[in-house]
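Structure file structure_32.cif; described as mmCIF, C-alpha atoms and all ligand atoms.
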```
data_my_file
#
loop_
_atom_site.group_PDB
_atom_site.id
_atom_site.type_symbol
_atom_site.label_atom_id
_atom_site.label_comp_id
_atom_site.auth_asym_id
_atom_site.auth_seq_id
_atom_site.Cartn_x
_atom_site.Cartn_y
_atom_site.Cartn_z
ATOM 1 C CA MET U 1334 102.869 129.550 108.729
ATOM 2 C CA PRO U 1335 101.644 132.444 110.832
ATOM 3 C CA GLU U 1336 98.427 131.578 112.655
ATOM 4 C CA LEU U 1337 96.003 133.724 114.644
ATOM 5 C CA PRO U 1338 98.351 134.687 117.537
ATOM 6 C CA GLU U 1339 101.142 135.659 115.124
ATOM 7 C CA VAL U 1340 98.901 137.732 112.815
ATOM 8 C CA HIS U 1341 97.241 139.227 115.909
ATOM 9 C CA THR U 1342 100.644 140.316 117.263
ATOM 10 C CA ILE U 1343 101.616 141.879 113.925
ATOM 11 C CA SER U 1344 98.271 143.685 113.463
ATOM 12 C CA THR U 1345 98.175 145.002 117.034
ATOM 13 C CA ASP U 1346 101.753 146.314 116.797
ATOM 14 C CA LEU U 1347 101.101 147.864 113.383
ATOM 15 C CA ASN U 1348 97.998 149.590 114.733
ATOM 16 C CA LYS U 1349 100.111 151.087 117.487
ATOM 17 C CA HIS U 1350 103.078 152.060 115.320
ATOM 18 C CA ILE U 1351 101.741 153.136 111.905
ATOM 19 C CA SER U 1352 98.274 154.574 112.630
ATOM 20 C CA GLY U 1353 98.253 158.285 111.839
ATOM 21 C CA TYR U 1354 101.051 157.914 109.288
ATOM 22 C CA LYS U 1355 100.549 158.661 105.596
ATOM 23 C CA ILE U 1356 101.722 156.345 102.810
ATOM 24 C CA GLU U 1357 104.099 158.537 100.793
ATOM 25 C CA SER U 1358 105.075 155.973 98.194
ATOM 26 C CA ALA U 1359 104.806 152.295 97.382
ATOM 27 C CA ARG U 1360 107.166 150.089 95.425
ATOM 28 C CA ILE U 1361 106.506 146.543 94.261
ATOM 29 C CA LEU U 1362 109.556 144.435 93.496
ATOM 30 C CA GLY U 1363 109.582 141.714 90.863
ATOM 31 C CA SER U 1364 106.451 139.722 90.221
ATOM 32 C CA TYR U 1365 104.946 139.821 93.718
ATOM 33 C CA ARG U 1366 101.188 139.308 93.713
ATOM 34 C CA VAL U 1367 99.408 142.623 94.280
ATOM 35 C CA LEU U 1368 95.708 142.933 93.521
ATOM 36 C CA PRO U 1369 93.694 144.046 91.649
ATOM 37 C CA ASP U 1370 96.783 145.063 89.633
ATOM 38 C CA LYS U 1371 100.040 146.897 90.285
ATOM 39 C CA ASN U 1372 98.942 150.379 89.114
ATOM 40 C CA THR U 1373 95.531 150.355 90.810
ATOM 41 C CA PHE U 1374 97.205 149.123 93.990
ATOM 42 C CA ILE U 1375 99.898 151.804 94.050
ATOM 43 C CA ASN U 1376 97.543 154.655 93.070
ATOM 44 C CA GLY U 1377 94.961 153.463 95.600
ATOM 45 C CA ILE U 1378 97.280 153.563 98.595
ATOM 46 C CA ARG U 1379 99.621 156.458 97.732
ATOM 47 C CA GLU U 1380 99.023 159.668 99.720
ATOM 48 C CA GLN U 1381 96.504 157.823 101.913
ATOM 49 C CA PRO U 1382 96.472 158.311 105.674
ATOM 50 C CA ILE U 1383 96.433 155.100 107.750
ATOM 51 C CA ILE U 1384 93.372 155.194 110.005
ATOM 52 C CA GLY U 1385 94.112 151.978 111.875
ATOM 53 C CA VAL U 1386 95.077 148.324 111.530
ATOM 54 C CA GLU U 1387 92.926 145.339 112.423
ATOM 55 C CA ARG U 1388 92.921 141.590 111.930
ATOM 56 C CA VAL U 1389 90.284 139.482 110.222
ATOM 57 C CA ALA U 1390 91.102 135.775 110.548
ATOM 58 C CA LYS U 1391 94.714 135.610 109.291
ATOM 59 C CA ASN U 1392 94.483 138.813 107.222
ATOM 60 C CA ILE U 1393 96.105 142.100 108.222
ATOM 61 C CA ILE U 1394 93.717 144.947 107.332
ATOM 62 C CA ILE U 1395 95.276 148.412 107.030
ATOM 63 C CA ASN U 1396 92.351 150.842 106.890
ATOM 64 C CA LEU U 1397 92.949 153.908 104.728
ATOM 65 C CA GLY U 1398 91.455 157.408 104.790
ATOM 66 C CA SER U 1399 89.627 156.725 101.506
ATOM 67 C CA GLY U 1400 87.536 153.997 103.165
ATOM 68 C CA ASN U 1401 89.434 151.357 101.200
ATOM 69 C CA ALA U 1402 91.831 148.924 102.858
ATOM 70 C CA LEU U 1403 95.224 147.481 102.153
ATOM 71 C CA VAL U 1404 94.949 143.792 103.003
ATOM 72 C CA ILE U 1405 98.017 141.622 103.532
ATOM 73 C CA HIS U 1406 97.954 137.839 103.716
ATOM 74 C CA LEU U 1407 101.279 136.353 104.819
ATOM 75 C CA ALA U 1408 100.554 132.754 103.723
ATOM 76 C CA MET U 1409 103.595 130.534 104.396
ATOM 77 C CA THR U 1410 106.621 132.796 104.646
ATOM 78 C CA GLY U 1411 105.405 136.406 104.644
ATOM 79 C CA GLN U 1412 106.803 138.950 107.109
ATOM 80 C CA VAL U 1413 105.872 142.576 107.746
ATOM 81 C CA LEU U 1414 108.753 144.614 109.128
ATOM 82 C CA ILE U 1415 109.300 148.193 110.164
ATOM 83 C CA LYS U 1416 112.748 148.960 108.889
ATOM 84 C CA GLU U 1417 114.749 151.474 110.876
ATOM 85 C CA GLN U 1418 118.061 152.806 109.632
ATOM 86 C CA GLN U 1419 120.004 150.683 112.103
ATOM 87 C CA SER U 1420 118.030 147.475 111.534
ATOM 88 C CA LYS U 1421 119.412 144.432 109.763
ATOM 89 C CA PRO U 1422 119.001 144.114 105.983
ATOM 90 C CA VAL U 1423 115.805 142.305 105.032
ATOM 91 C CA ASN U 1424 115.804 139.343 102.643
ATOM 92 C CA TRP U 1425 113.154 138.616 100.010
ATOM 93 C CA VAL U 1426 111.696 142.138 99.965
ATOM 94 C CA ARG U 1427 108.565 142.288 97.796
ATOM 95 C CA VAL U 1428 106.786 145.535 98.771
ATOM 96 C CA ILE U 1429 108.247 148.736 100.231
ATOM 97 C CA LEU U 1430 106.010 151.437 101.704
ATOM 98 C CA ARG U 1431 107.451 154.793 102.770
ATOM 99 C CA LEU U 1432 105.401 156.312 105.571
ATOM 100 C CA SER U 1433 105.522 159.767 107.124
ATOM 101 C CA LYS U 1434 103.953 161.680 109.979
ATOM 102 C CA GLU U 1435 105.063 165.291 110.297
ATOM 103 C CA ALA U 1436 108.874 165.137 110.576
ATOM 104 C CA ASP U 1437 108.933 161.397 111.277
ATOM 105 C CA ALA U 1438 109.434 158.772 108.549
ATOM 106 C CA LYS U 1439 109.210 154.972 108.580
ATOM 107 C CA THR U 1440 109.687 152.230 106.017
ATOM 108 C CA LEU U 1441 107.320 149.282 106.052
ATOM 109 C CA VAL U 1442 108.605 146.235 104.223
ATOM 110 C CA LEU U 1443 106.714 143.140 103.133
ATOM 111 C CA SER U 1444 109.107 140.235 102.737
ATOM 112 C CA ASP U 1445 108.064 136.827 101.394
ATOM 113 C CA MET U 1446 110.518 134.060 100.569
ATOM 114 C CA ARG U 1447 108.145 131.659 98.834
ATOM 115 C CA MET U 1448 105.750 134.335 97.516
ATOM 116 C CA PHE U 1449 102.506 132.541 98.391
ATOM 117 C CA GLY U 1450 101.308 135.687 100.163
ATOM 118 C CA LYS U 1451 99.623 138.708 98.641
ATOM 119 C CA ALA U 1452 98.812 142.373 99.133
ATOM 120 C CA GLU U 1453 95.449 143.612 97.958
ATOM 121 C CA LEU U 1454 93.628 146.928 97.720
ATOM 122 C CA LEU U 1455 90.024 146.308 98.724
ATOM 123 C CA GLU U 1456 87.047 148.649 98.507
ATOM 124 C CA LYS U 1457 84.437 148.617 101.278
ATOM 125 C CA ASN U 1458 82.281 145.982 99.548
ATOM 126 C CA GLY U 1459 85.304 143.771 99.010
ATOM 127 C CA LEU U 1460 86.153 144.058 102.681
ATOM 128 C CA THR U 1461 82.640 142.992 103.670
ATOM 129 C CA THR U 1462 82.885 140.015 101.294
ATOM 130 C CA LEU U 1463 86.243 139.095 102.829
ATOM 131 C CA LYS U 1464 84.834 139.256 106.367
ATOM 132 C CA ASN U 1465 81.849 137.087 105.369
ATOM 133 C CA ARG U 1466 84.136 134.417 103.938
ATOM 134 C CA TYR U 1467 85.278 133.406 107.414
ATOM 135 C CA GLY U 1468 83.523 131.409 110.087
ATOM 136 C CA PRO U 1469 83.329 132.596 113.707
ATOM 137 C CA GLU U 1470 86.575 132.938 115.678
ATOM 138 C CA PRO U 1471 86.922 130.708 118.744
ATOM 139 C CA ILE U 1472 88.721 133.523 120.545
ATOM 140 C CA LYS U 1473 85.652 135.778 120.436
ATOM 141 C CA GLU U 1474 83.469 135.403 123.506
ATOM 142 C CA SER U 1475 80.428 135.882 121.253
ATOM 143 C CA LEU U 1476 80.938 132.357 119.857
ATOM 144 C CA SER U 1477 78.780 130.103 122.050
ATOM 145 C CA VAL U 1478 79.379 126.402 122.705
ATOM 146 C CA GLU U 1479 76.056 125.687 120.931
ATOM 147 C CA GLU U 1480 77.180 127.522 117.786
ATOM 148 C CA PHE U 1481 80.655 125.928 117.894
ATOM 149 C CA HIS U 1482 79.077 122.486 118.364
ATOM 150 C CA LYS U 1483 76.742 123.116 115.417
ATOM 151 C CA GLN U 1484 79.668 124.188 113.207
ATOM 152 C CA LEU U 1485 81.656 121.065 114.135
ATOM 153 C CA ASN U 1486 78.682 118.780 113.580
ATOM 154 C CA SER U 1487 78.096 120.177 110.077
ATOM 155 C CA LYS U 1488 81.016 118.111 108.704
ATOM 156 C CA LYS U 1489 81.777 114.397 108.642
ATOM 157 C CA THR U 1490 85.558 114.665 108.240
ATOM 158 C CA ALA U 1491 88.143 114.453 111.072
ATOM 159 C CA VAL U 1492 87.574 117.147 113.697
ATOM 160 C CA LYS U 1493 91.114 118.474 113.199
ATOM 161 C CA ASN U 1494 90.379 119.193 109.517
ATOM 162 C CA VAL U 1495 87.251 121.090 110.519
ATOM 163 C CA LEU U 1496 89.207 123.205 113.004
ATOM 164 C CA LEU U 1497 91.517 124.205 110.121
ATOM 165 C CA ASP U 1498 88.679 124.976 107.685
ATOM 166 C CA GLN U 1499 88.600 128.793 107.828
ATOM 167 C CA SER U 1500 85.079 128.986 106.407
ATOM 168 C CA ILE U 1501 83.769 127.057 109.433
ATOM 169 C CA ILE U 1502 86.020 128.202 112.300
ATOM 170 C CA SER U 1503 88.452 130.997 111.578
ATOM 171 C CA GLY U 1504 91.931 131.668 112.890
ATOM 172 C CA MET U 1505 92.928 128.173 114.003
ATOM 173 C CA GLY U 1506 96.079 126.837 112.334
ATOM 174 C CA ASN U 1507 97.915 123.547 112.572
ATOM 175 C CA ILE U 1508 99.918 124.113 115.768
ATOM 176 C CA TYR U 1509 97.146 125.627 117.884
ATOM 177 C CA ALA U 1510 94.548 123.086 116.627
ATOM 178 C CA THR U 1511 96.924 120.224 117.530
ATOM 179 C CA ASP U 1512 97.458 121.584 121.054
ATOM 180 C CA ALA U 1513 93.769 122.453 121.605
ATOM 181 C CA LEU U 1514 92.739 118.862 120.776
ATOM 182 C CA PHE U 1515 95.360 117.573 123.218
ATOM 183 C CA ILE U 1516 94.168 119.838 126.053
ATOM 184 C CA ALA U 1517 90.571 118.756 125.398
ATOM 185 C CA GLY U 1518 91.632 115.057 125.262
ATOM 186 C CA ILE U 1519 90.090 114.550 121.823
ATOM 187 C CA HIS U 1520 91.602 112.294 119.149
ATOM 188 C CA PRO U 1521 92.315 114.465 116.079
ATOM 189 C CA GLU U 1522 90.640 111.964 113.752
ATOM 190 C CA THR U 1523 87.329 111.868 115.653
ATOM 191 C CA PRO U 1524 84.595 112.342 113.040
ATOM 192 C CA SER U 1525 83.448 115.915 113.505
ATOM 193 C CA HIS U 1526 79.716 115.103 113.366
ATOM 194 C CA LYS U 1527 80.210 112.786 116.349
ATOM 195 C CA ILE U 1528 81.596 115.490 118.629
ATOM 196 C CA THR U 1529 79.213 115.818 121.575
ATOM 197 C CA SER U 1530 78.138 119.071 123.164
ATOM 198 C CA GLN U 1531 80.389 118.317 126.142
ATOM 199 C CA MET U 1532 83.398 117.660 123.890
ATOM 200 C CA ALA U 1533 82.671 120.866 121.933
ATOM 201 C CA GLY U 1534 82.619 122.778 125.232
ATOM 202 C CA SER U 1535 86.017 121.368 126.262
ATOM 203 C CA LEU U 1536 87.460 122.021 122.817
ATOM 204 C CA LEU U 1537 86.248 125.624 122.662
ATOM 205 C CA GLU U 1538 87.677 126.278 126.118
ATOM 206 C CA ALA U 1539 91.001 124.654 125.085
ATOM 207 C CA ALA U 1540 91.129 126.638 121.820
ATOM 208 C CA ARG U 1541 90.592 129.900 123.739
ATOM 209 C CA GLU U 1542 93.227 128.985 126.303
ATOM 210 C CA ILE U 1543 95.872 128.120 123.717
ATOM 211 C CA LEU U 1544 95.162 131.089 121.419
ATOM 212 C CA LYS U 1545 95.249 133.535 124.343
ATOM 213 C CA GLU U 1546 98.527 132.040 125.535
ATOM 214 C CA GLY U 1547 99.917 132.289 122.004
ATOM 215 C CA ILE U 1548 99.013 135.985 121.909
ATOM 216 C CA GLU U 1549 100.540 136.609 125.361
ATOM 217 C CA HIS U 1550 103.754 134.950 124.137
ATOM 218 C CA ARG U 1551 103.685 137.043 120.930
ATOM 219 C CA GLY U 1552 103.342 134.006 118.683
ATOM 220 C CA SER U 1553 105.443 130.951 117.896
ATOM 221 C CA THR U 1554 108.742 131.042 116.016
ATOM 222 C CA LEU U 1555 109.751 127.631 114.661
ATOM 223 C CA PRO U 1556 113.323 126.623 113.775
ATOM 224 C CA ASP U 1557 112.787 127.955 110.216
ATOM 225 C CA LYS U 1558 112.563 131.454 111.826
ATOM 226 C CA MET U 1559 109.836 132.399 109.372
ATOM 227 C CA TYR U 1560 107.689 134.195 111.917
ATOM 228 C CA VAL U 1561 109.041 137.346 113.514
ATOM 229 C CA ASP U 1562 107.178 140.423 114.734
ATOM 230 C CA ILE U 1563 107.354 143.819 112.969
ATOM 231 C CA PHE U 1564 110.622 144.583 114.763
ATOM 232 C CA GLY U 1565 112.225 141.289 113.708
ATOM 233 C CA ASN U 1566 111.857 139.695 117.167
ATOM 234 C CA GLU U 1567 110.887 136.055 117.613
ATOM 235 C CA GLY U 1568 107.814 134.946 119.531
ATOM 236 C CA THR U 1569 108.222 132.682 122.577
ATOM 237 C CA HIS U 1570 105.178 130.423 122.444
ATOM 238 C CA GLN U 1571 107.275 127.635 120.881
ATOM 239 C CA ASN U 1572 108.632 127.145 124.417
ATOM 240 C CA TYR U 1573 105.098 126.431 125.672
ATOM 241 C CA PHE U 1574 103.787 123.916 123.108
ATOM 242 C CA ARG U 1575 101.749 121.184 124.814
ATOM 243 C CA ILE U 1576 102.033 118.223 122.417
ATOM 244 C CA TYR U 1577 103.116 119.821 119.134
ATOM 245 C CA GLY U 1578 106.658 118.642 118.314
ATOM 246 C CA LYS U 1579 106.920 116.567 121.532
ATOM 247 C CA LYS U 1580 108.332 113.044 121.776
ATOM 248 C CA ASN U 1581 106.535 112.062 124.974
ATOM 249 C CA CYS U 1582 103.191 113.086 126.415
ATOM 250 C CA PRO U 1583 103.627 115.690 129.197
ATOM 251 C CA ASN U 1584 100.732 114.079 131.117
ATOM 252 C CA CYS U 1585 101.490 110.342 130.960
ATOM 253 C CA GLU U 1586 104.930 109.957 129.286
ATOM 254 C CA THR U 1587 103.433 107.771 126.517
ATOM 255 C CA GLU U 1588 105.280 108.121 123.218
ATOM 256 C CA VAL U 1589 103.573 110.769 121.112
ATOM 257 C CA VAL U 1590 102.202 109.681 117.717
ATOM 258 C CA PHE U 1591 103.007 111.783 114.673
ATOM 259 C CA LYS U 1592 100.652 111.338 111.772
ATOM 260 C CA LYS U 1593 99.423 113.319 108.781
ATOM 261 C CA VAL U 1594 95.779 114.225 109.197
ATOM 262 C CA GLY U 1595 94.310 115.972 106.162
ATOM 263 C CA GLY U 1596 97.873 116.351 104.863
ATOM 264 C CA ARG U 1597 99.049 118.272 107.950
ATOM 265 C CA GLY U 1598 101.526 116.968 110.518
ATOM 266 C CA THR U 1599 99.620 116.136 113.703
ATOM 267 C CA PHE U 1600 100.912 115.099 117.107
ATOM 268 C CA PHE U 1601 98.725 113.328 119.650
ATOM 269 C CA CYS U 1602 98.956 111.127 122.713
ATOM 270 C CA PRO U 1603 97.402 107.709 121.937
ATOM 271 C CA SER U 1604 96.567 107.321 125.617
ATOM 272 C CA CYS U 1605 95.212 110.764 126.646
ATOM 273 C CA GLN U 1606 93.495 111.237 123.286
ATOM 274 C CA SER U 1607 92.450 107.644 122.788
ATOM 275 C CA PRO U 1608 89.425 107.072 120.574
ATOM 276 C CA ASP U 1609 88.655 104.181 122.994
ATOM 277 C CA GLY U 1610 87.838 106.746 125.618
ATOM 278 C CA GLN U 1611 85.262 108.009 123.170
ATOM 279 C CA LYS U 1612 84.110 104.504 122.202
ATOM 280 C CA THR U 1613 80.468 105.239 122.505
ATOM 281 C CA LEU U 1614 80.893 108.121 120.097
ATOM 282 C CA LEU U 1615 82.923 106.597 117.297
HETATM 283 ZN ZN ZN O 1 99.220 111.166 127.484
#
```
Could I get this structure in the form of structure tokens?
Amino acid sequence: MPELPEVHTISTDLNKHISGYKIESARILGSYRVLPDKNTFINGIREQPIIGVERVAKNIIINLGSGNALVIHLAMTGQVLIKEQQSKPVNWVRVILRLSKEADAKTLVLSDMRMFGKAELLEKNGLTTLKNRYGPEPIKESLSVEEFHKQLNSKKTAVKNVLLDQSIISGMGNIYATDALFIAGIHPETPSHKITSQMAGSLLEAAREILKEGIEHRGSTLPDKMYVDIFGNEGTHQNYFRIYGKKNCPNCETEVVFKKVGGRGTFFCPSCQSPDGQKTLL
């Protein structure tokens, strides 16, 4: 599933490569989920100039000349691709947008194997509502340790689950949350309300480090090859995972534990992330 670094890479590239283009036509294939409905969606984006592209949490926001936005959520298997004449055929095509800018033309394709994603036309109010649905992003310097600590302490569930709850902290997904907890030396099942200010500080720093690295490496492409950038290229951050998918801890060689936490596969080192080290807290 694309997480913050992957959606960030896609949005940043789209902003660079489709801003200033006009949407000539839109085609929806099959029963792909477009909102509010197929006709409103197509009529709302057709003939619209693209002002710019930004990211809100894991949503790609394509801002249109009308003030409305085309919002894409990739969910599990969504891909956004710029299709050139010479590029490889794309599987599972759900939405096709023809774009033009003077004599230049481009085709933007939304592909989605499992169809859990969606494309939505949102008016300004809807966009504000969407933005308000998400908690602060750890990557933004404006999020202070105090605020992060407060957000973590507001829940009694395992800290890893809280990191994944987009309404509390936005943009963290399973891989980056797993690695951030490892860097900070925190057991993923530590009750979130017992995280101390010092632990919150280490965790915020670790989250920033790992998300920034993920962005520098243009995201992570797993063996399922579900994440690629808009040109079809894989990310490289999978070569830099800290504990995610590892058999032995890179710090102490202890065998890594794999366990489902909140239904999501979680890797941790029982020694470096021992709850015993946090005995006074648990
Ligand atoms: Zn270790």
Around ligand ZN 1 (chain O), at most 7 Å away and counting all atoms listed in the file, which residues are there? Put them as a ChimeraX atom specification, please. /U:1582-1587,1602-1605
Smallest atom-to-atom distance to Thr1440 in chain U: which of U:Arg1551, U:Lys1371, U:Lys1349, U:Lys1355, using all atoms listed in the file? U:Lys1355
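CA of Glu1522 in chain U is found 28.3 Å from CA of Phe1449 in chain U.
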Please evaluate the PyMOL selection byres (((chain U and resi 1569) around 6) and not hetatm) against the displayed coordinates and give the resulting residues as a PyMOL selection string. chain U and resi 1550+1553+1568+1570-1572
Tell me which residues the PyMOL selection byres (((chain U and resi 1521) around 9) and not hetatm) grabs here, as a VMD selection string. chain U and resid 1491 to 1494 1510 to 1511 1514 to 1515 1519 to 1520 1522 to 1524 1594 1599 to 1601 1606
What would the selection look like, as a short mmCIF file (atom, residue, chain, number, x, y, z; two decimals) with C-alpha atoms, keeping the file's coordinate frame, if the PyMOL selection byres (((chain U and resi 1361) around 6) and not hetatm) were run on the coordinates I just shared?
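Listed below is the output, result-v2.cif:
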```cif
data_model
loop_
_atom_site.label_atom_id
_atom_site.label_comp_id
_atom_site.auth_asym_id
_atom_site.auth_seq_id
_atom_site.Cartn_x
_atom_site.Cartn_y
_atom_site.Cartn_z
CA ARG U 1360 107.17 150.09 95.42
CA LEU U 1362 109.56 144.44 93.50
CA ARG U 1427 108.56 142.29 97.80
CA VAL U 1428 106.79 145.54 98.77
#
```
Considering all atoms listed in the file, can you say which of U:Ile1351, U:Leu1397, U:Leu1485, U:Met1448 comes closest to Ile1415 in chain U?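 Of U:Ile1351, U:Leu1397, U:Leu1485, U:Met1448, the one nearest Ile1415 in chain U is U:Ile1351, counting all atoms listed in the file.
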Find the residues near Leu1463 in chain U: any atom within 12 Å, counting only C-alpha atoms, skip ones fewer than 5 places away on the same chain, and give them as a list in words.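 In the requested form, the answer reads Arg1388, Val1389, Ala1390, Lys1391, Asn1392, Ile1393, Ile1394, Ala1402, Val1404, His1406, Glu1453, Leu1454, Leu1455, Glu1456, Lys1457, Asn1458, Gly1468, Gln1499 and Ser1500 of chain U.
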I need the residues from that last selection saved to file as a PDB file, in the coordinates of the input (with C-alpha atoms), if you can.
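As written to disk, selection.pdb reads:
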```
ATOM      1  CA  ARG U1388      92.921 141.590 111.930  1.00  0.00           C
ATOM      2  CA  VAL U1389      90.284 139.482 110.222  1.00  0.00           C
ATOM      3  CA  ALA U1390      91.102 135.775 110.548  1.00  0.00           C
ATOM      4  CA  LYS U1391      94.714 135.610 109.291  1.00  0.00           C
ATOM      5  CA  ASN U1392      94.483 138.813 107.222  1.00  0.00           C
ATOM      6  CA  ILE U1393      96.105 142.100 108.222  1.00  0.00           C
ATOM      7  CA  ILE U1394      93.717 144.947 107.332  1.00  0.00           C
ATOM      8  CA  ALA U1402      91.831 148.924 102.858  1.00  0.00           C
ATOM      9  CA  VAL U1404      94.949 143.792 103.003  1.00  0.00           C
ATOM     10  CA  HIS U1406      97.954 137.839 103.716  1.00  0.00           C
ATOM     11  CA  GLU U1453      95.449 143.612  97.958  1.00  0.00           C
ATOM     12  CA  LEU U1454      93.628 146.928  97.720  1.00  0.00           C
ATOM     13  CA  LEU U1455      90.024 146.308  98.724  1.00  0.00           C
ATOM     14  CA  GLU U1456      87.047 148.649  98.507  1.00  0.00           C
ATOM     15  CA  LYS U1457      84.437 148.617 101.278  1.00  0.00           C
ATOM     16  CA  ASN U1458      82.281 145.982  99.548  1.00  0.00           C
ATOM     17  CA  GLY U1468      83.523 131.409 110.087  1.00  0.00           C
ATOM     18  CA  GLN U1499      88.600 128.793 107.828  1.00  0.00           C
ATOM     19  CA  SER U1500      85.079 128.986 106.407  1.00  0.00           C
TER      20      SER U1500
END
```
In Å, rounded to a single decimal, give me how far CA of Asn1396 in chain U is from CA of Ala1359 in chain U.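 Between these atoms lies a distance of 15.7 Å.
Here CA of Trp1425 in chain U is placed at a distance of 5.1 Å from CA of Ser1444 in chain U.
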12 Å contact set for Glu1339 in chain U, all atoms listed in the file, chain neighbours under 2 positions out, as number ranges by chain: U: 1334-1337, 1341-1346, 1388, 1390-1393, 1407-1408, 1411-1413, 1504-1506, 1508-1509, 1544-1555, 1559-1563, 1566-1571
Write the selection just made, keeping C-alpha atoms, as a CSV table (one decimal), keeping the file's coordinate frame?
```csv
chain,number,residue,atom,x,y,z
U,1334,MET,CA,102.9,129.6,108.7
U,1335,PRO,CA,101.6,132.4,110.8
U,1336,GLU,CA,98.4,131.6,112.7
U,1337,LEU,CA,96.0,133.7,114.6
U,1341,HIS,CA,97.2,139.2,115.9
U,1342,THR,CA,100.6,140.3,117.3
U,1343,ILE,CA,101.6,141.9,113.9
U,1344,SER,CA,98.3,143.7,113.5
U,1345,THR,CA,98.2,145.0,117.0
U,1346,ASP,CA,101.8,146.3,116.8
U,1388,ARG,CA,92.9,141.6,111.9
U,1390,ALA,CA,91.1,135.8,110.5
U,1391,LYS,CA,94.7,135.6,109.3
U,1392,ASN,CA,94.5,138.8,107.2
U,1393,ILE,CA,96.1,142.1,108.2
U,1407,LEU,CA,101.3,136.4,104.8
U,1408,ALA,CA,100.6,132.8,103.7
U,1411,GLY,CA,105.4,136.4,104.6
U,1412,GLN,CA,106.8,139.0,107.1
U,1413,VAL,CA,105.9,142.6,107.7
U,1504,GLY,CA,91.9,131.7,112.9
U,1505,MET,CA,92.9,128.2,114.0
U,1506,GLY,CA,96.1,126.8,112.3
U,1508,ILE,CA,99.9,124.1,115.8
U,1509,TYR,CA,97.1,125.6,117.9
U,1544,LEU,CA,95.2,131.1,121.4
U,1545,LYS,CA,95.2,133.5,124.3
U,1546,GLU,CA,98.5,132.0,125.5
U,1547,GLY,CA,99.9,132.3,122.0
U,1548,ILE,CA,99.0,136.0,121.9
U,1549,GLU,CA,100.5,136.6,125.4
U,1550,HIS,CA,103.8,135.0,124.1
U,1551,ARG,CA,103.7,137.0,120.9
U,1552,GLY,CA,103.3,134.0,118.7
U,1553,SER,CA,105.4,131.0,117.9
U,1554,THR,CA,108.7,131.0,116.0
U,1555,LEU,CA,109.8,127.6,114.7
U,1559,MET,CA,109.8,132.4,109.4
U,1560,TYR,CA,107.7,134.2,111.9
U,1561,VAL,CA,109.0,137.3,113.5
U,1562,ASP,CA,107.2,140.4,114.7
U,1563,ILE,CA,107.4,143.8,113.0
U,1566,ASN,CA,111.9,139.7,117.2
U,1567,GLU,CA,110.9,136.1,117.6
U,1568,GLY,CA,107.8,134.9,119.5
U,1569,THR,CA,108.2,132.7,122.6
U,1570,HIS,CA,105.2,130.4,122.4
U,1571,GLN,CA,107.3,127.6,120.9
```
Taking all atoms listed in the file into account, which of U:Gly1578, U:Gly1534, U:Pro1338, U:Pro1369 comes nearest Lys1451 in chain U?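 With all atoms listed in the file as the atom set, the closest residue is U:Pro1369.
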Report as a compact mmCIF listing (two decimals) with C-alpha atoms, in the coordinates of the input all protein, DNA and RNA residues lying within 10 Å of Ser1352 in chain U, evaluated on all atoms listed in the file, omitting residues in the same chain fewer than 6 positions from it.
```
# COMPACT_ATOMS: atom_id res chain seq x y z
CA ASP U 1346 101.75 146.31 116.80
CA PRO U 1382 96.47 158.31 105.67
CA ILE U 1383 96.43 155.10 107.75
CA ILE U 1384 93.37 155.19 110.00
CA GLY U 1385 94.11 151.98 111.88
CA VAL U 1386 95.08 148.32 111.53
CA ILE U 1395 95.28 148.41 107.03
CA ASN U 1396 92.35 150.84 106.89
CA LEU U 1397 92.95 153.91 104.73
CA LYS U 1434 103.95 161.68 109.98
```
Which neighbours of Glu1417 in chain U fall inside 12 Å, counting all atoms listed in the file, when residues of the same chain fewer than 4 positions from it are skipped, and could you give them as a PDB file with C-alpha atoms, keeping the file's coordinate frame?
```pdb
ATOM      1  CA  LYS U1421     119.412 144.432 109.763  1.00  0.00           C
ATOM      2  CA  PRO U1422     119.001 144.114 105.983  1.00  0.00           C
ATOM      3  CA  VAL U1423     115.805 142.305 105.032  1.00  0.00           C
ATOM      4  CA  ARG U1431     107.451 154.793 102.770  1.00  0.00           C
ATOM      5  CA  LEU U1432     105.401 156.312 105.571  1.00  0.00           C
ATOM      6  CA  ASP U1437     108.933 161.397 111.277  1.00  0.00           C
ATOM      7  CA  ALA U1438     109.434 158.772 108.549  1.00  0.00           C
ATOM      8  CA  LYS U1439     109.210 154.972 108.580  1.00  0.00           C
ATOM      9  CA  THR U1440     109.687 152.230 106.017  1.00  0.00           C
ATOM     10  CA  LEU U1441     107.320 149.282 106.052  1.00  0.00           C
ATOM     11  CA  VAL U1442     108.605 146.235 104.223  1.00  0.00           C
ATOM     12  CA  ILE U1563     107.354 143.819 112.969  1.00  0.00           C
ATOM     13  CA  PHE U1564     110.622 144.583 114.763  1.00  0.00           C
ATOM     14  CA  GLY U1565     112.225 141.289 113.708  1.00  0.00           C
TER      15      GLY U1565
END
```
So, with only C-alpha atoms as the atoms that count, which of U:Ala1452, U:Ile1501, U:Ile1405, U:Val1589 lies closest to Leu1368 in chain U?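 Of U:Ala1452, U:Ile1501, U:Ile1405, U:Val1589, the one nearest Leu1368 in chain U, counting only C-alpha atoms, is U:Ala1452.
In terms of minimum interatomic distance to Lys1527 in chain U, U:Ser1487 ranks closest within U:Ser1487, U:Ser1358, U:Lys1580, U:Ile1543, counting all atoms listed in the file.
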Of U:Leu1537, U:Asn1348, U:Ile1378, U:Phe1574, the one nearest to Glu1474 in chain U when counting only C-alpha atoms is U:Leu1537
